[in-house]
Each structure stands twice: as structure tokens, then as C-alpha cells.
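Note sheet for the following structure.
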Amino acid sequence: MVVENLQDDVKTVVDRWKGKEGNLIMVLHDIQDRYGYVPRAAALEVSRQSGMPLARIYEVLTFYNYFKLKAPGKFNVAVCLGTACYLKGAPALIEEIRDILHVNEGETTKDGLFHLQIVRCLGCCGLAPVITVDQKVYSAVKKSDVMGIIAEHSKTI
Ligand code: FES
């Protein structure tokens with residue numbers, strides 16, 4: 001994702017929350033809403049414009065799971081590694097995805113298309129093992145299905 005007008009974007013957000021209680025979190029929320037994550041350059045700019053130490057900003061960013069420090073992919077591929085999915089072969093699905101996309105958990109492919117996320121129980125254990133790509137749920141997934149699932153989304157570009 002190209003981050004243009006970063007200084008102006010950060011100024012708008014910092015000005016909006018200036019002097020308000022809990023403003024650092026709100027500033028970071030606004031930045032993530034805008035970019036889909038909090039780029040390091042934006043964190044540096046928040047520090048520069050607000051006078052808040054960068055270490056404090058990263059304390060907040062790393063404390064809350066909500067904040068993303070890396071650009072998300074166009075598609076979020078979530079593999080469930082809850083007990084039911086684990087027992088029904090989810091680890092092999094993860095291996096297959098890693099082999100095909102060359103990413104580890106929490107990483108996005110170089111082309112920015114796919115982000116791999118490992119989750120714990122999606123609440124549909126009867127369908128195990130489960131993969132979701134954004135809102136679409138794939139159930140009883142076999143290792144041999146993975147390539148097709150990835151290809152299905154690559155085609156939509
Ligand atoms: S363990 Fe995977 S959906 Fe519950």
C-alpha cells in the first residue's frame with residue numbers, strides 16, 4: 001500500500017485528538033482505519049508532531065492485538081488451528097499454504113495479495129478443518145484443496 005500525504009494525514013488526525021483523554025489510542029485507530037495498518041513512518045510522524053516518545057507509541061501498538069504493524073494483504077487467509085481443526089489436519093493445510101505462498105503466519109505475500117493468519121476456533125468445529133478467505137468459509141478442507149482456494153482468489157484480481 002502506498003502511503004501518500006503521510007505528514008498531512010497524521011497532522012489531521014493528531015489535531016483532531018489534541019488535548020483529549022486517551023488520544024494516543026484514538027490517533028492510532030484513525031491511522032489504522034486510513035491505511036489498514038500503522039506504518040512505521042506514521043508512528044514516527046505521530047511522535048514528531050505530538051512530542052510523544054516513539055517507545056510509548058510502540059508500547060501501545062504492541063500491547064493491543066488490534067493494531068497491525070504490517071500492511072494487510074488484499075485477501076486475509078485464516079487457518080483455524082483450534083483443537084478440532086488441528087486434529088483433522090489443519091497443520092498440513094498451513095504447510096501447504098506456506099509452500100504455495102512463501103509466507104509465514106502474520107506475513108503478506110510480496111505482491112500484497114494474501115495475508116496468512118492462524119486463528120483459534122472459528123466457532124464451526126463441525127466443519128473442521130476450516131479455512132476462511134475474508135468472509136468466505138471453506139469446510140472440511142483437504143491439503144489438495146488449498147491450491148484451488150488460492151487460485152480462486154488470484155483469478156478475481
Ligand atoms: S476448532 Fe476450528 S472451527 Fe473450532
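Scheme for the C-alpha cells: letters A, B, ... for chains in order shown; per-chain residue numbers from 1; ligand numbers from 1 in order shown.
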
Task: Spatial neighbours of stretch 90-97 of chain A, 9 Å, only C-alpha atoms, chain gap at least 6 places, as a list in words - done: Val79, Cys80, Leu81, Gly82, Ala84, Val103, Asn104, Glu105, Leu116, Ile118, Ala128, Pro129, Val130, Ile131, Val141, Lys142, Lys143, Ser144, Asp145, Val146, Met147 and Ile150 of chain A

Task: All strand (DSSP E or B) positions in chain A, as number ranges by chain - done: A: 75-80, 108, 114-119, 131-133, 136-138

- [ ] Go through A:Arg120, A:Lys74, A:Arg98, A:Arg16 one by one, measure the shortest atom-to-atom distance of each to ligand 1 using only C-alpha atoms and all ligand atoms, and give the residue with the smallest value.
- [x]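 Of A:Arg120, A:Lys74, A:Arg98, A:Arg16, the one nearest ligand 1 is A:Arg120, counting only C-alpha atoms and all ligand atoms.
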
Check stretch 26-70 of chain A with DSSP on the backbone and list each residue it calls helix (DSSP H, G or I), as a short mmCIF file (atom, residue, chain, number, x, y, z; two decimals) with N, CA and C atoms, in the first residue's frame.
data_model
loop_
_atom_site.label_atom_id
_atom_site.label_comp_id
_atom_site.auth_asym_id
_atom_site.auth_seq_id
_atom_site.Cartn_x
_atom_site.Cartn_y
_atom_site.Cartn_z
N MET A 26 -6.68 6.80 20.11
CA MET A 26 -7.61 7.25 19.07
C MET A 26 -6.85 7.67 17.81
N VAL A 27 -5.72 8.31 17.99
CA VAL A 27 -4.88 8.67 16.84
C VAL A 27 -4.47 7.41 16.09
N LEU A 28 -4.02 6.40 16.82
CA LEU A 28 -3.56 5.17 16.17
C LEU A 28 -4.72 4.44 15.50
N HIS A 29 -5.89 4.46 16.13
CA HIS A 29 -7.09 3.87 15.49
C HIS A 29 -7.37 4.56 14.16
N ASP A 30 -7.34 5.87 14.17
CA ASP A 30 -7.63 6.63 12.94
C ASP A 30 -6.62 6.31 11.84
N ILE A 31 -5.36 6.20 12.24
CA ILE A 31 -4.32 5.90 11.25
C ILE A 31 -4.55 4.50 10.68
N GLN A 32 -4.87 3.54 11.55
CA GLN A 32 -5.11 2.19 11.03
C GLN A 32 -6.36 2.15 10.14
N ASP A 33 -7.37 2.91 10.50
CA ASP A 33 -8.57 2.97 9.64
C ASP A 33 -8.21 3.47 8.25
N ARG A 34 -7.31 4.43 8.24
CA ARG A 34 -6.95 5.06 6.97
C ARG A 34 -6.08 4.15 6.10
N TYR A 35 -5.09 3.50 6.71
CA TYR A 35 -4.11 2.73 5.93
C TYR A 35 -4.31 1.21 6.01
N ARG A 40 5.29 2.26 10.05
CA ARG A 40 6.31 2.80 10.95
C ARG A 40 6.51 4.30 10.68
N ALA A 41 6.44 4.68 9.43
CA ALA A 41 6.62 6.10 9.09
C ALA A 41 5.53 6.94 9.75
N ALA A 42 4.33 6.39 9.88
CA ALA A 42 3.24 7.13 10.52
C ALA A 42 3.49 7.23 12.02
N ALA A 43 3.98 6.15 12.61
CA ALA A 43 4.28 6.18 14.06
C ALA A 43 5.36 7.23 14.33
N LEU A 44 6.37 7.28 13.46
CA LEU A 44 7.44 8.28 13.61
C LEU A 44 6.87 9.69 13.48
N GLU A 45 5.96 9.88 12.55
CA GLU A 45 5.37 11.19 12.32
C GLU A 45 4.48 11.60 13.50
N VAL A 46 3.75 10.64 14.06
CA VAL A 46 2.93 10.93 15.25
C VAL A 46 3.86 11.40 16.38
N SER A 47 4.98 10.71 16.54
CA SER A 47 5.93 11.07 17.57
C SER A 47 6.46 12.49 17.34
N ARG A 48 6.81 12.77 16.09
CA ARG A 48 7.37 14.08 15.76
C ARG A 48 6.36 15.20 15.99
N GLN A 49 5.13 14.95 15.56
CA GLN A 49 4.13 16.02 15.63
C GLN A 49 3.53 16.19 17.03
N SER A 50 3.46 15.10 17.79
CA SER A 50 2.79 15.20 19.09
C SER A 50 3.78 15.35 20.25
N LEU A 54 8.55 7.79 20.75
CA LEU A 54 8.24 6.68 19.85
C LEU A 54 8.08 5.37 20.64
N ALA A 55 8.89 5.21 21.69
CA ALA A 55 8.81 3.98 22.50
C ALA A 55 7.43 3.84 23.13
N ARG A 56 6.84 4.95 23.56
CA ARG A 56 5.49 4.93 24.16
C ARG A 56 4.46 4.53 23.10
N ILE A 57 4.64 5.06 21.90
CA ILE A 57 3.71 4.73 20.81
C ILE A 57 3.77 3.22 20.53
N TYR A 58 4.98 2.67 20.49
CA TYR A 58 5.10 1.23 20.22
C TYR A 58 4.65 0.38 21.39
N GLU A 59 4.74 0.92 22.60
CA GLU A 59 4.17 0.20 23.76
C GLU A 59 2.69 -0.05 23.52
N VAL A 60 2.00 0.99 23.09
CA VAL A 60 0.56 0.87 22.84
C VAL A 60 0.30 -0.03 21.64
N LEU A 61 1.05 0.18 20.57
CA LEU A 61 0.83 -0.62 19.35
C LEU A 61 1.03 -2.10 19.58
N THR A 62 1.99 -2.45 20.42
CA THR A 62 2.29 -3.88 20.61
C THR A 62 1.46 -4.48 21.75
N PHE A 63 0.89 -3.63 22.60
CA PHE A 63 0.07 -4.15 23.70
C PHE A 63 -1.28 -4.66 23.19
#

Open item on the list: For a quick check of understanding, using only C-alpha atoms and all ligand atoms, which of A:Thr108, A:Ser154, A:Asn76, A:Thr83 has the smallest distance to ligand 1?
Closed with: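 Selected residue with least distance to ligand 1: A:Thr83.
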
Could you pull the residues within 10 Å of A:Thr132, counting only C-alpha atoms, minus those fewer than 5 positions along the same chain, as an mmCIF file with N, CA and C atoms, in the first residue's frame?
data_model
loop_
_atom_site.group_PDB
_atom_site.id
_atom_site.type_symbol
_atom_site.label_atom_id
_atom_site.label_comp_id
_atom_site.auth_asym_id
_atom_site.auth_seq_id
_atom_site.Cartn_x
_atom_site.Cartn_y
_atom_site.Cartn_z
ATOM 1 N N PHE A 75 -6.311 -10.195 0.414
ATOM 2 C CA PHE A 75 -7.135 -11.272 0.967
ATOM 3 C C PHE A 75 -6.510 -11.769 2.266
ATOM 4 N N ASN A 76 -7.347 -11.932 3.290
ATOM 5 C CA ASN A 76 -6.867 -12.492 4.540
ATOM 6 C C ASN A 76 -7.211 -13.979 4.577
ATOM 7 N N VAL A 77 -6.179 -14.814 4.572
ATOM 8 C CA VAL A 77 -6.381 -16.262 4.633
ATOM 9 C C VAL A 77 -6.201 -16.678 6.087
ATOM 10 N N ALA A 78 -7.287 -17.109 6.709
ATOM 11 C CA ALA A 78 -7.224 -17.513 8.117
ATOM 12 C C ALA A 78 -7.390 -19.025 8.203
ATOM 13 N N VAL A 79 -6.422 -19.665 8.834
ATOM 14 C CA VAL A 79 -6.498 -21.111 9.033
ATOM 15 C C VAL A 79 -6.755 -21.356 10.504
ATOM 16 N N CYS A 80 -7.779 -22.147 10.786
ATOM 17 C CA CYS A 80 -8.105 -22.437 12.183
ATOM 18 C C CYS A 80 -7.180 -23.522 12.703
ATOM 19 N N GLN A 117 -3.036 -15.795 8.331
ATOM 20 C CA GLN A 117 -3.354 -15.633 9.749
ATOM 21 C C GLN A 117 -3.711 -17.008 10.321
ATOM 22 N N LEU A 122 -12.914 -20.996 14.956
ATOM 23 C CA LEU A 122 -13.798 -20.046 14.274
ATOM 24 C C LEU A 122 -15.249 -20.282 14.654
ATOM 25 N N VAL A 137 -16.098 -19.069 3.867
ATOM 26 C CA VAL A 137 -15.676 -20.192 4.713
ATOM 27 C C VAL A 137 -15.516 -21.447 3.853
ATOM 28 N N TYR A 138 -14.380 -22.107 4.008
ATOM 29 C CA TYR A 138 -14.139 -23.387 3.334
ATOM 30 C C TYR A 138 -14.097 -24.459 4.409
ATOM 31 N N SER A 139 -14.916 -25.489 4.238
ATOM 32 C CA SER A 139 -15.008 -26.515 5.280
ATOM 33 C C SER A 139 -14.425 -27.840 4.804
ATOM 34 N N ILE A 149 -8.212 -23.098 -3.747
ATOM 35 C CA ILE A 149 -8.753 -21.972 -2.963
ATOM 36 C C ILE A 149 -7.932 -20.706 -3.253
#

Task: Nearest to ligand 1 by atom-to-atom distance, counting only C-alpha atoms and all ligand atoms, from A:Lys88, A:Gly36, A:Thr12, A:Asp111 - done: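 Of A:Lys88, A:Gly36, A:Thr12, A:Asp111, the one nearest ligand 1, counting only C-alpha atoms and all ligand atoms, is A:Lys88.
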
Open item on the list: Between A:Gly89, A:Leu24, A:Asp99, A:Gly73, which residue has the minimum interatomic distance to A:Val133, considering only C-alpha atoms?
Closed with: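 The answer is A:Gly73, which sits nearest to A:Val133.
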
TODO: Would you mind telling me which residue in A:Pro53, A:Gly19, A:Gly123, A:Pro72 lies nearest to A:Thr109 when using only C-alpha atoms?
DONE: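 Checking each of A:Pro53, A:Gly19, A:Gly123, A:Pro72 against A:Thr109, counting only C-alpha atoms, the winner is A:Pro72.
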
Task: Residue with smallest distance to ligand 1 - pool A:Asp8, A:Ala140, A:His153, A:Cys85, counting only C-alpha atoms and all ligand atoms - done: A:Cys85

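Atom pair atom CA of A:Tyr64 / atom CA of A:Pro39 has a distance of 15.5 Å (rounded to one decimal).
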